[in-house]
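K.L.:
Dropping in work.cif, with mmCIF, C-alpha atoms.
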data_query
loop_
_atom_site.label_atom_id
_atom_site.label_comp_id
_atom_site.auth_asym_id
_atom_site.auth_seq_id
_atom_site.Cartn_x
_atom_site.Cartn_y
_atom_site.Cartn_z
CA MET J 199 94.39 121.61 117.87
CA GLN J 200 94.53 117.99 118.87
CA ARG J 201 97.52 117.48 116.64
CA GLN J 202 99.22 120.54 118.08
CA VAL J 203 98.92 119.09 121.58
CA LYS J 204 100.32 115.75 120.46
CA ASN J 205 103.22 117.45 118.71
CA ASP J 206 104.02 119.56 121.73
CA TYR J 207 103.98 116.47 123.94
CA GLU J 208 106.33 114.56 121.67
CA ARG J 209 108.62 117.52 121.42
CA ALA J 210 108.76 117.83 125.22
CA ALA J 211 109.46 114.11 125.54
CA LEU J 212 112.33 114.37 123.06
CA GLU J 213 113.83 117.28 124.98
CA GLU J 214 113.51 115.35 128.22
CA ARG J 215 115.37 112.40 126.75
CA ASN J 216 118.02 114.75 125.47
CA ARG J 217 118.45 116.24 128.92
CA PHE J 218 118.79 112.77 130.40
CA LEU J 219 121.46 111.83 127.87
CA ASN J 220 123.42 114.98 128.55
CA ASN J 221 123.15 114.58 132.32
CA ILE J 222 124.28 111.01 132.42
CA THR J 223 127.17 111.49 130.00
CA GLN J 224 128.35 114.47 131.99
CA MET J 225 128.22 112.57 135.27
CA LEU J 226 129.97 109.53 133.86
CA THR J 227 133.07 111.64 133.28
CA ASN J 228 133.45 111.53 137.05
CA GLU J 229 135.37 108.30 137.55
CA ASN J 230 134.61 108.08 141.27
CA MET J 231 130.89 107.51 140.94
CA THR J 232 129.56 104.06 140.17
CA LEU J 233 127.30 103.54 137.22
CA LEU J 234 124.32 102.81 139.43
CA GLU J 235 124.80 105.96 141.46
CA THR J 236 124.98 108.04 138.31
CA PHE J 237 121.90 106.40 136.93
CA SER J 238 119.94 107.01 140.14
CA THR J 239 120.94 110.67 140.27
CA CYS J 240 119.92 111.25 136.67
CA THR J 241 116.64 109.47 137.27
CA GLY J 242 116.01 112.00 140.02
CA TYR J 243 116.58 114.84 137.59
CA ALA J 244 114.28 113.47 134.90
CA GLU J 245 110.63 114.43 134.65
CA GLY J 246 107.37 113.12 133.28
CA GLU J 247 106.87 109.86 131.49
CA LEU J 248 110.57 109.18 131.15
CA LYS J 249 111.01 109.39 134.92
CA GLU J 250 108.44 106.66 135.53
CA LYS J 251 110.17 104.40 133.03
CA LEU J 252 113.55 105.07 134.56
CA ILE J 253 112.33 104.39 138.09
CA ASP J 254 110.98 101.03 136.95
CA LEU J 255 114.28 100.31 135.30
CA ARG J 256 116.25 101.31 138.40
CA ALA J 257 114.29 98.88 140.53
CA VAL J 258 115.37 96.07 138.22
CA LEU J 259 118.97 97.30 138.14
CA VAL J 260 119.28 97.31 141.92
CA ASP J 261 118.18 93.75 142.57
CA GLY J 262 117.80 91.93 139.29
CA THR J 263 119.77 89.20 137.62
CA GLU J 264 121.74 89.92 134.51
CA LYS J 265 118.98 88.47 132.33
CA GLU J 266 116.35 90.63 133.96
CA VAL J 267 118.45 93.73 133.43
CA ILE J 268 118.87 92.99 129.73
CA GLU J 269 115.18 92.27 129.43
CA ALA J 270 114.23 95.53 131.18
CA PHE J 271 116.48 97.51 128.87
CA ARG J 272 114.97 95.77 125.87
CA VAL J 273 111.47 96.79 126.96
CA LEU J 274 112.55 100.40 127.34
CA ARG J 275 114.36 100.36 124.01
CA ASP J 276 111.33 98.97 122.24
CA PHE J 277 109.28 101.78 123.72
CA TYR J 278 111.62 104.46 122.34
CA LYS J 279 112.32 102.70 119.07
CA SER J 280 111.60 105.75 116.93
CA ASP J 281 114.37 107.74 118.61
CA VAL J 282 117.35 106.07 117.01
CA GLN J 283 120.09 107.78 119.00
CA PHE J 284 118.39 107.24 122.33
CA ASP J 285 117.95 103.60 121.47
CA GLN J 286 121.66 103.25 120.70
CA PHE J 287 122.57 105.06 123.87
CA LEU J 288 120.47 102.76 126.03
CA GLU J 289 122.03 99.75 124.36
CA GLN J 290 125.51 100.95 125.16
CA LEU J 291 124.46 101.76 128.69
CA ALA J 292 123.06 98.27 129.12
CA ILE J 293 126.31 96.73 127.91
CA MET J 294 128.25 98.89 130.34
CA LEU J 295 126.01 97.90 133.23
CA VAL J 296 126.29 94.21 132.48
CA GLU J 297 129.91 93.93 131.43
CA GLY J 298 131.47 96.63 133.50
CA ARG J 299 132.51 100.18 132.83
CA THR J 300 134.32 100.93 129.59
CA SER J 301 135.33 104.03 127.71
CA ILE J 302 132.51 106.52 127.43
CA ASP J 303 133.67 107.91 124.10
CA SER J 304 130.99 106.15 122.12
CA LEU J 305 128.36 107.30 124.61
CA ARG J 306 129.53 110.84 124.10
CA ASP J 307 129.31 110.47 120.32
CA THR J 308 125.78 109.19 120.56
CA LYS J 309 124.86 112.05 122.85
CA ASN J 310 126.30 114.59 120.43
CA PHE J 311 124.33 113.11 117.57
CA HIS J 312 121.18 113.27 119.63
CA ASN J 313 121.81 116.94 120.34
CA GLN J 314 122.28 117.62 116.66
CA ILE J 315 119.04 115.86 115.74
CA LEU J 316 117.26 118.07 118.24
CA VAL J 317 118.79 121.19 116.69
CA LYS J 318 117.85 120.05 113.21
CA GLN J 319 114.28 119.41 114.25
CA GLU J 320 114.05 122.84 115.84
CA LYS J 321 115.31 124.37 112.59
CA PHE J 322 112.75 122.43 110.62
CA ILE J 323 109.94 123.64 112.89
CA GLN J 324 111.07 127.23 112.47
CA MET J 325 111.14 126.81 108.71
CA LYS J 326 107.61 125.47 108.79
CA LYS J 327 106.45 128.39 110.90
CA ALA J 328 107.77 130.79 108.27
CA ARG J 329 105.86 128.87 105.60
CA LYS J 330 102.71 129.05 107.71
CA ARG J 331 103.06 132.84 107.87
CA ASP J 332 103.45 132.89 104.08
CA PHE J 333 100.35 130.77 103.71
CA ASN J 334 98.22 132.98 105.93
CA THR J 335 99.42 136.12 104.19
CA MET J 336 98.60 134.67 100.79
CA ILE J 337 95.10 133.70 101.90
CA PHE J 338 94.58 137.20 103.30
CA TYR J 339 95.76 138.85 100.08
CA SER J 340 93.59 136.70 97.87
CA VAL J 341 90.49 137.38 99.97
CA ALA J 342 91.31 141.08 99.98
CA PHE J 343 91.75 140.99 96.22
CA ILE J 344 88.36 139.41 95.67
CA GLY J 345 86.89 141.95 98.08
CA ALA J 346 88.38 144.78 96.06
CA LEU J 347 86.89 143.23 92.94
CA MET J 348 83.45 143.18 94.54
CA PHE J 349 83.56 146.86 95.39
CA SER J 350 85.17 147.99 92.17
CA PHE J 351 81.92 147.87 90.16
CA THR J 352 79.65 148.47 93.15
CA ILE J 353 78.12 145.58 95.05
CA PRO J 354 74.66 145.47 93.40
CA LYS J 355 76.25 145.19 89.99
CA PHE J 356 78.61 142.46 91.24
CA ILE J 357 75.65 140.51 92.62
CA ASP J 358 73.64 140.97 89.43
CA ILE J 359 76.19 139.97 86.84
CA TYR J 360 78.30 137.49 88.79
CA ALA J 361 77.02 136.19 92.08
CA HIS J 362 73.45 135.43 90.97
CA THR J 363 74.33 133.72 87.73
CA MET J 364 74.89 129.99 87.31
CA VAL J 365 78.54 130.41 86.30
CA GLY J 366 79.25 132.65 89.26
CA VAL J 367 77.76 130.25 91.78
CA ILE J 368 79.71 127.33 90.40
CA THR J 369 82.99 129.24 90.29
CA SER J 370 82.61 130.57 93.81
CA SER J 371 81.80 127.22 95.34
CA LEU J 372 84.68 125.59 93.44
CA TYR J 373 86.96 128.30 94.74
CA LEU J 374 85.89 127.69 98.32
CA LEU J 375 86.30 123.94 97.91
CA ILE J 376 89.81 124.33 96.54
CA ILE J 377 90.85 126.69 99.33
CA PHE J 378 89.49 124.28 101.93
CA GLY J 379 91.37 121.42 100.31
CA LEU J 380 94.58 123.44 100.28
CA TYR J 381 94.12 124.40 103.91
CA HIS J 382 93.62 120.77 104.86
CA SER J 383 96.66 119.50 102.99
CA PHE J 384 98.75 122.35 104.33
CA ASN J 385 97.87 121.48 107.90
CA LYS J 386 98.56 117.81 107.29
CA LYS J 387 102.08 118.70 106.18
CA TYR J 388 102.50 121.35 108.85
CA PHE J 389 101.85 119.02 111.78
CA ASP J 390 104.32 116.45 110.55
CA ASP J 391 107.30 117.12 112.81
CA THR J 392 109.25 113.89 112.39
CA ILE J 393 112.44 114.18 110.43
CA THR J 394 113.36 110.53 110.59
CA GLU J 395 110.51 109.04 108.59
CA VAL J 396 108.55 109.62 105.40
CA LYS J 397 105.04 108.47 104.69
CA ILE J 398 103.75 107.79 101.20
CA MET K 256 108.20 94.30 78.65
CA LYS K 257 111.73 94.07 77.30
CA ASN K 258 112.95 96.21 74.48
CA LYS K 259 113.41 94.32 71.26
CA LYS K 260 117.00 93.95 70.24
CA LYS K 261 117.56 94.56 66.57
CA THR K 262 120.70 94.48 64.55
CA ASP K 263 121.32 97.22 62.06
CA LEU K 264 123.24 96.92 58.81
CA ASP K 265 126.65 97.04 60.46
CA GLY K 266 125.72 94.13 62.64
CA GLN K 267 125.70 96.19 65.81
CA SER K 268 122.79 95.64 68.08
CA MET K 269 120.68 98.60 69.05
CA THR K 270 117.82 99.01 71.44
CA VAL K 271 114.46 99.86 69.95
CA PHE K 272 112.22 101.86 72.22
CA SER K 273 108.55 101.12 71.95
CA PHE K 274 106.10 103.83 70.97
CA TRP K 275 104.91 104.17 74.55
CA GLU K 276 108.38 104.78 75.84
CA LYS K 277 109.08 107.36 73.17
CA ILE K 278 106.16 109.57 74.15
CA ALA K 279 106.90 109.23 77.87
CA GLU K 280 108.89 111.76 79.85
CA SER K 281 112.59 110.97 79.89
CA ASP K 282 112.82 109.98 83.55
CA LEU K 283 109.50 108.16 83.72
CA LYS K 284 110.89 104.72 82.89
CA LYS K 285 113.46 104.92 85.66
CA MET K 286 110.87 105.92 88.24
CA VAL K 287 108.28 103.33 87.25
CA ASP K 288 110.93 100.62 87.26
CA TYR K 289 112.08 101.72 90.68
CA LEU K 290 108.58 101.58 92.12
CA ASN K 291 108.30 98.09 90.66
CA GLU K 292 104.49 98.08 90.47
CA THR K 293 103.97 98.03 86.72
CA ASN K 294 106.17 98.60 83.70
CA VAL K 295 106.38 101.71 81.58
CA ASN K 296 104.34 100.44 78.67
CA SER K 297 101.28 99.39 80.60
CA PHE K 298 101.53 102.49 82.75
CA GLN K 299 101.54 104.70 79.68
CA LYS K 300 98.65 102.78 78.13
CA GLN K 301 96.54 103.22 81.25
CA ARG K 302 97.46 106.85 81.46
CA MET K 303 96.48 107.44 77.83
CA PHE K 304 93.24 105.51 78.28
CA LYS K 305 92.21 107.55 81.32
CA ALA K 306 93.03 110.83 79.61
CA GLY K 307 91.19 109.57 76.53
CA LEU K 308 88.03 109.06 78.61
CA PHE K 309 87.89 112.80 79.19
CA LEU K 310 88.16 113.40 75.47
CA LEU K 311 85.36 110.90 74.81
CA MET K 312 83.15 112.77 77.24
CA GLY K 313 83.97 115.93 75.34
CA ILE K 314 82.68 114.60 71.98
CA PRO K 315 78.90 114.85 72.64
CA VAL K 316 79.46 118.29 74.15
CA PHE K 317 81.32 119.33 71.04
CA PHE K 318 78.14 119.10 68.94
CA LEU K 319 76.15 121.13 71.46
CA LYS K 320 78.64 123.80 72.41
CA PRO K 321 82.05 123.66 70.72
CA MET K 322 83.64 126.09 73.17
CA ILE K 323 82.92 123.98 76.25
CA SER K 324 84.55 120.91 74.74
CA LEU K 325 87.83 122.80 75.02
CA VAL K 326 87.44 122.43 78.76
CA PHE K 327 87.42 118.67 78.36
CA LEU K 328 90.54 118.81 76.23
CA GLY K 329 92.18 120.84 79.01
CA LEU K 330 91.03 118.31 81.60
CA ALA K 331 92.47 115.44 79.59
CA LEU K 332 95.86 117.15 79.27
CA ALA K 333 95.84 118.13 82.94
CA PHE K 334 95.07 114.56 83.95
CA TYR K 335 97.82 113.21 81.72
CA PHE K 336 100.33 115.50 83.37
CA TYR K 337 98.95 114.88 86.86
CA GLU K 338 99.65 111.16 86.54
CA TYR K 339 103.31 111.96 85.91
CA LEU K 340 103.47 114.18 88.99
CA ARG K 341 101.84 111.47 91.07
CA VAL K 342 104.48 108.92 90.07
CA LYS K 343 107.20 111.46 90.74
CA SER K 344 106.09 112.20 94.29
CA LYS K 345 105.61 108.50 94.95
CA PHE K 346 109.11 107.85 93.66
CA ASN K 347 110.62 110.48 95.94
CA ALA K 348 108.88 109.13 99.03
CA ALA K 349 109.79 105.55 98.13
CA ARG K 350 113.44 106.48 97.78
CA PHE K 351 113.52 107.89 101.29
CA GLN K 352 111.70 104.90 102.65
CA LYS K 353 114.22 102.53 101.16
CA GLU K 354 117.05 104.60 102.54
CA LEU K 355 115.43 104.51 105.96
CA VAL K 356 114.93 100.77 105.80
CA PHE K 357 118.63 100.37 105.30
CA LEU K 358 119.39 102.77 108.13
CA GLU K 359 117.15 100.78 110.41
CA PHE K 360 119.03 97.68 109.40
CA SER K 361 122.45 99.21 109.95
CA LYS K 362 121.44 100.59 113.32
CA GLU K 363 120.18 97.22 114.48
CA ILE K 364 123.00 95.16 113.14
CA TYR K 365 125.40 97.46 114.95
CA ILE K 366 123.57 96.86 118.20
CA TYR K 367 123.49 93.10 117.72
CA LEU K 368 127.18 92.96 116.93
CA LEU K 369 127.95 94.92 120.09
CA GLU K 370 125.66 92.79 122.16
CA ASN K 371 126.68 89.35 121.11
CA LYS K 372 130.30 89.73 120.17
CA THR K 373 129.59 86.68 118.06
CA THR K 374 129.65 85.91 114.37
CA ILE K 375 127.91 88.06 111.87
CA TYR K 376 125.86 85.07 110.80
CA SER K 377 124.14 84.68 114.14
CA ALA K 378 123.59 88.43 114.30
CA PHE K 379 121.77 88.31 110.96
CA GLU K 380 119.77 85.33 112.10
CA LYS K 381 118.68 86.97 115.36
CA MET K 382 117.73 90.08 113.52
CA LYS K 383 115.65 88.16 111.00
CA GLU K 384 113.69 86.59 113.83
CA ARG K 385 112.85 89.94 115.37
CA GLU K 386 112.11 91.78 112.15
CA LYS K 387 108.55 92.38 110.95
CA GLU K 388 107.40 91.02 107.59
CA GLY K 389 108.61 93.16 104.74
CA VAL K 390 111.35 93.87 102.24
CA LEU K 391 114.04 93.79 104.91
CA LYS K 392 113.06 90.38 106.24
CA ASP K 393 112.97 88.83 102.76
CA ALA K 394 116.31 90.36 101.86
CA LEU K 395 117.82 89.09 105.10
CA GLY K 396 116.53 85.60 104.41
CA ASP K 397 118.16 85.60 100.97
CA LEU K 398 121.38 86.98 102.40
CA LEU K 399 121.51 84.17 104.97
CA ILE K 400 121.01 81.54 102.28
CA ASP K 401 123.70 83.09 100.10
CA LEU K 402 126.07 83.30 103.05
CA HIS K 403 125.57 79.64 103.65
CA GLU K 404 126.36 78.72 100.08
CA ARG K 405 129.24 81.12 99.42
CA PRO K 406 130.74 82.13 102.75
CA ASP K 407 133.80 83.81 101.22
CA ASP K 408 132.04 85.88 98.60
CA VAL K 409 131.37 89.60 98.89
CA GLN K 410 128.62 89.51 96.27
CA PRO K 411 125.74 88.55 98.63
CA PHE K 412 126.51 91.62 100.73
CA ILE K 413 126.45 93.91 97.71
CA ASP K 414 123.25 92.31 96.46
CA PHE K 415 121.69 92.96 99.82
CA ALA K 416 122.72 96.63 99.72
CA ASN K 417 121.28 96.99 96.23
CA ARG K 418 118.04 95.40 97.24
CA THR K 419 117.40 97.40 100.38
CA SER K 420 118.78 100.82 99.51
CA GLY K 421 120.93 100.86 96.40
CA SER K 422 122.94 103.87 97.48
CA ASP K 423 126.72 103.99 97.50
CA ARG K 424 126.77 104.55 101.22
CA SER K 425 124.88 101.35 101.86
CA LYS K 426 127.31 99.43 99.65
CA LEU K 427 130.24 100.81 101.60
CA PHE K 428 128.58 99.79 104.83
CA MET K 429 127.97 96.24 103.64
CA ILE K 430 131.50 95.85 102.31
CA THR K 431 132.91 97.03 105.64
CA LEU K 432 130.71 94.51 107.34
CA PHE K 433 132.06 91.82 105.04
CA GLU K 434 135.64 92.80 105.81
CA TYR K 435 134.89 92.62 109.50
CA HIS K 436 133.34 89.23 109.04
CA GLN K 437 136.28 87.97 107.01
CA ASN K 438 139.39 89.42 108.49
CA SER K 439 139.22 90.74 111.96
CA LYS K 440 137.28 90.65 115.13
CA ASP K 441 138.30 94.16 116.04
CA ASP K 442 135.59 95.96 117.96
CA SER K 443 136.73 99.39 116.87
CA ILE K 444 135.40 98.56 113.38
CA ILE K 445 132.00 98.03 114.94
CA TYR K 446 132.15 101.35 116.76
CA GLN K 447 133.19 102.98 113.52
CA LEU K 448 130.18 101.42 111.81
CA GLY K 449 127.92 102.85 114.49
CA LYS K 450 129.40 106.26 113.86
CA MET K 451 128.94 105.82 110.14
CA THR K 452 125.31 104.94 110.66
CA SER K 453 124.70 108.12 112.59
CA GLU K 454 126.43 110.17 109.94
CA GLN K 455 124.32 108.55 107.25
CA LEU K 456 121.26 109.27 109.29
CA PHE K 457 122.20 112.93 109.29
CA LEU K 458 122.58 113.08 105.55
CA VAL K 459 119.21 111.41 105.13
CA VAL K 460 117.64 113.69 107.75
CA ASP K 461 118.88 116.72 105.84
CA ASP K 462 117.40 115.31 102.65
CA ILE K 463 114.10 114.62 104.38
CA ILE K 464 113.93 118.15 105.77
CA GLU K 465 114.56 119.54 102.32
CA TYR K 466 111.97 117.24 100.80
CA LYS K 467 109.30 118.03 103.36
CA HIS K 468 110.09 121.73 103.24
CA GLY K 469 109.95 121.74 99.47
CA LYS K 470 106.39 120.54 99.61
CA PHE K 471 105.37 123.84 101.21
CA MET K 472 106.91 125.88 98.43
CA ASN K 473 104.13 125.64 95.87
CA PHE K 474 101.32 126.61 98.22
CA PRO K 475 101.41 130.35 97.35
CA MET K 476 100.96 129.45 93.67
CA LYS K 477 98.19 127.02 94.48
CA ILE K 478 96.36 129.76 96.36
CA THR K 479 96.82 132.31 93.61
CA MET K 480 95.54 130.17 90.74
CA PRO K 481 91.91 129.87 91.96
CA VAL K 482 91.83 133.64 92.54
CA VAL K 483 92.90 134.22 88.97
CA ALA K 484 90.16 131.86 87.82
CA VAL K 485 87.53 133.72 89.82
CA VAL K 486 88.70 137.06 88.43
CA LEU K 487 88.65 135.70 84.87
CA VAL K 488 85.14 134.36 85.25
CA PHE K 489 84.02 137.63 86.73
CA PHE K 490 85.40 139.66 83.86
CA ILE K 491 83.98 137.31 81.25
CA SER K 492 80.53 137.62 82.80
CA LEU K 493 81.03 141.39 82.90
CA LEU K 494 81.87 141.32 79.20
CA VAL K 495 78.87 139.14 78.36
CA ASP K 496 76.66 141.46 80.37
CA SER K 497 77.83 144.60 78.62
CA LEU K 498 77.56 142.91 75.21
CA LYS K 499 73.94 142.09 76.02
CA ALA K 500 73.39 145.70 77.08
CA ILE K 501 74.78 146.96 73.78
CA GLN K 502 72.58 144.57 71.82
CA PHE K 503 69.41 145.57 73.61
CA GLY K 504 70.33 149.23 73.73
CA GLY K 505 71.49 149.51 70.11
CA GLY K 506 68.64 147.35 68.70
#
What does this structure look like when you write it as structure tokens?
P.N.:
Amino acid sequence: MQRQVKNDYERAALEERNRFLNNITQMLTNENMTLLETFSTCTGYAEGELKEKLIDLRAVLVDGTEKEVIEAFRVLRDFYKSDVQFDQFLEQLAIMLVEGRTSIDSLRDTKNFHNQILVKQEKFIQMKKARKRDFNTMIFYSVAFIGALMFSFTIPKFIDIYAHTMVGVITSSLYLLIIFGLYHSFNKKYFDDTITEVKI
Amino acid sequence: MKNKKKTDLDGQSMTVFSFWEKIAESDLKKMVDYLNETNVNSFQKQRMFKAGLFLLMGIPVFFLKPMISLVFLGLALAFYFYEYLRVKSKFNAARFQKELVFLEFSKEIYIYLLENKTTIYSAFEKMKEREKEGVLKDALGDLLIDLHERPDDVQPFIDFANRTSGSDRSKLFMITLFEYHQNSKDDSIIYQLGKMTSEQLFLVVDDIIEYKHGKFMNFPMKITMPVVAVVLVFFISLLVDSLKAIQFGGG
């Protein structure tokens, strides 16, 4: 449960960043707006944690020296280090803010890549959901199968010759242990949403 | 341990594989070498020793109940095979990690080159300062030393690619970087490198998705096996029970 909440939060944050990237790239195509204006407008559109960060950054942008601006961007980039494309985008934005407006082609490329990563992650999550359905069905079938076995020779007989013997007790508890272990390892893999890192 | 070189009658040298390598799986040596923790021979010895322990445990049981000692034989074989699987999964994860280390490097070097518009040398140096301890930092340190000694040589760049990732893509990236360093100060090369990095990231991301998804594939089998075991045990106890009934009834 806890992990589900964390995953959902990270997913929402990623989507928020993606929205910000799309917004700002779209607005930059308008040559008449200054960079700062665009940035402020997009900050207004953003939500949640990202918005707070952007408001802090805007304050520095409005009345900060060049060094302070670079420093503020660095702090933000360090915070979002795991999101490679967003990191690159911020870097390019910082360069544009400091050195003046240049072609936004590379910004657009970065934005497109970010969109694609989002799509890929969504696909991965859907794939995992299908596997989870498989897993639950298999568990259900196996339990049903054992149930059928219990009733096939009537329950008292099952208890007599299997459940109350030493071998039966050991086998059953081993079975439960293994299923628990499988369930645990399945969940560990299931809640791993990141597609840009691998843990050993 | 190095393979002994022997010369046969024609005077040609041939490699003699040790006994341990001969009984190993064909791709084991490659994987163990890649992981760089031990070498094949000592790995195989340890593996044999651990599997042998199960067999040793089986010996006293053999005199009491010969049938149950078969279980120990099964355990020993299962353990022997399990060790191979463990190395294999470790190898797969390590490969991705190396690939990702290089991607991290290429992403950062791209940003530094954009930022500074200075020489590649100072970009490497700045990056080394910021980097955490690890393979990447050591490799960067060596690269800087090599650059100092042989500034016009492409070899340090290729060595660096081999050390961090070893893939063809990483070599291409490093050679492009070298060309940039040598010949031109054209920024479009740098933008192109950034694009290349993102494309590489995609290929790796696809691989990672496949790898992580593949891990789910054997769960149905894992769930089925214990059920089969339970059923088997049940039927065996049923058989034993009815045999007893026949004995008592017929006697």
K.L.:
Evaluate the PyMOL selection byres ((chain K) within 9 of (chain J)) here and jot the selected residues down as a ChimeraX atom specification.
P.N.:
/K:344-345,348-349,351-352,355,359,362-363,365-366,369-370,446,449-450,453-454,456-457,459-461,463-465,467-468,470-472,474-475,477-479,481-482,484-486,488-490,492-493,495-496
K.L.:
Counting only C-alpha atoms, what is within 12 Å of range 212-224 of chain J, bar same-chain residues fewer than 4 positions away, as an NGL selection string?
P.N.:
:J and (205-208 or 228-229 or 231-249 or 251-252 or 278 or 280-288 or 290-291 or 301-317 or 319-320 or 391-392)
K.L.:
Calculated over all atoms listed in the file, which of the candidates K:Val483, K:Leu432, K:Ala333, K:Ile400 has the smallest distance to Ser361 in chain K?
P.N.:
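Of K:Val483, K:Leu432, K:Ala333, K:Ile400, the one nearest Ser361 in chain K is K:Leu432, counting all atoms listed in the file.
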K.L.:
Once the PyMOL selection byres ((chain K and resi 434) around 12) has been evaluated on this model, what residues remain selected, and can you format them as a list in words?
P.N.:
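With the shown file as input, the PyMOL selection byres ((chain K and resi 434) around 12) matches Ile375, Asp407, Asp408, Val409, Phe412, Leu427, Phe428, Met429, Ile430, Thr431, Leu432, Phe433, Tyr435, His436, Gln437, Asn438, Ser439, Lys440, Asp441, Ile444, Ile445 and Leu448 of chain K.
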K.L.:
Can you pull out every residue within 9 Å of Leu290 in chain K, counting all atoms listed in the file, but drop anything in the same chain fewer than 4 positions away, and send it as a list in words?
P.N.:
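My list of contacting residues is Lys285, Met286, Val342, Lys345, Phe346, Ala349 and Arg350 of chain K.
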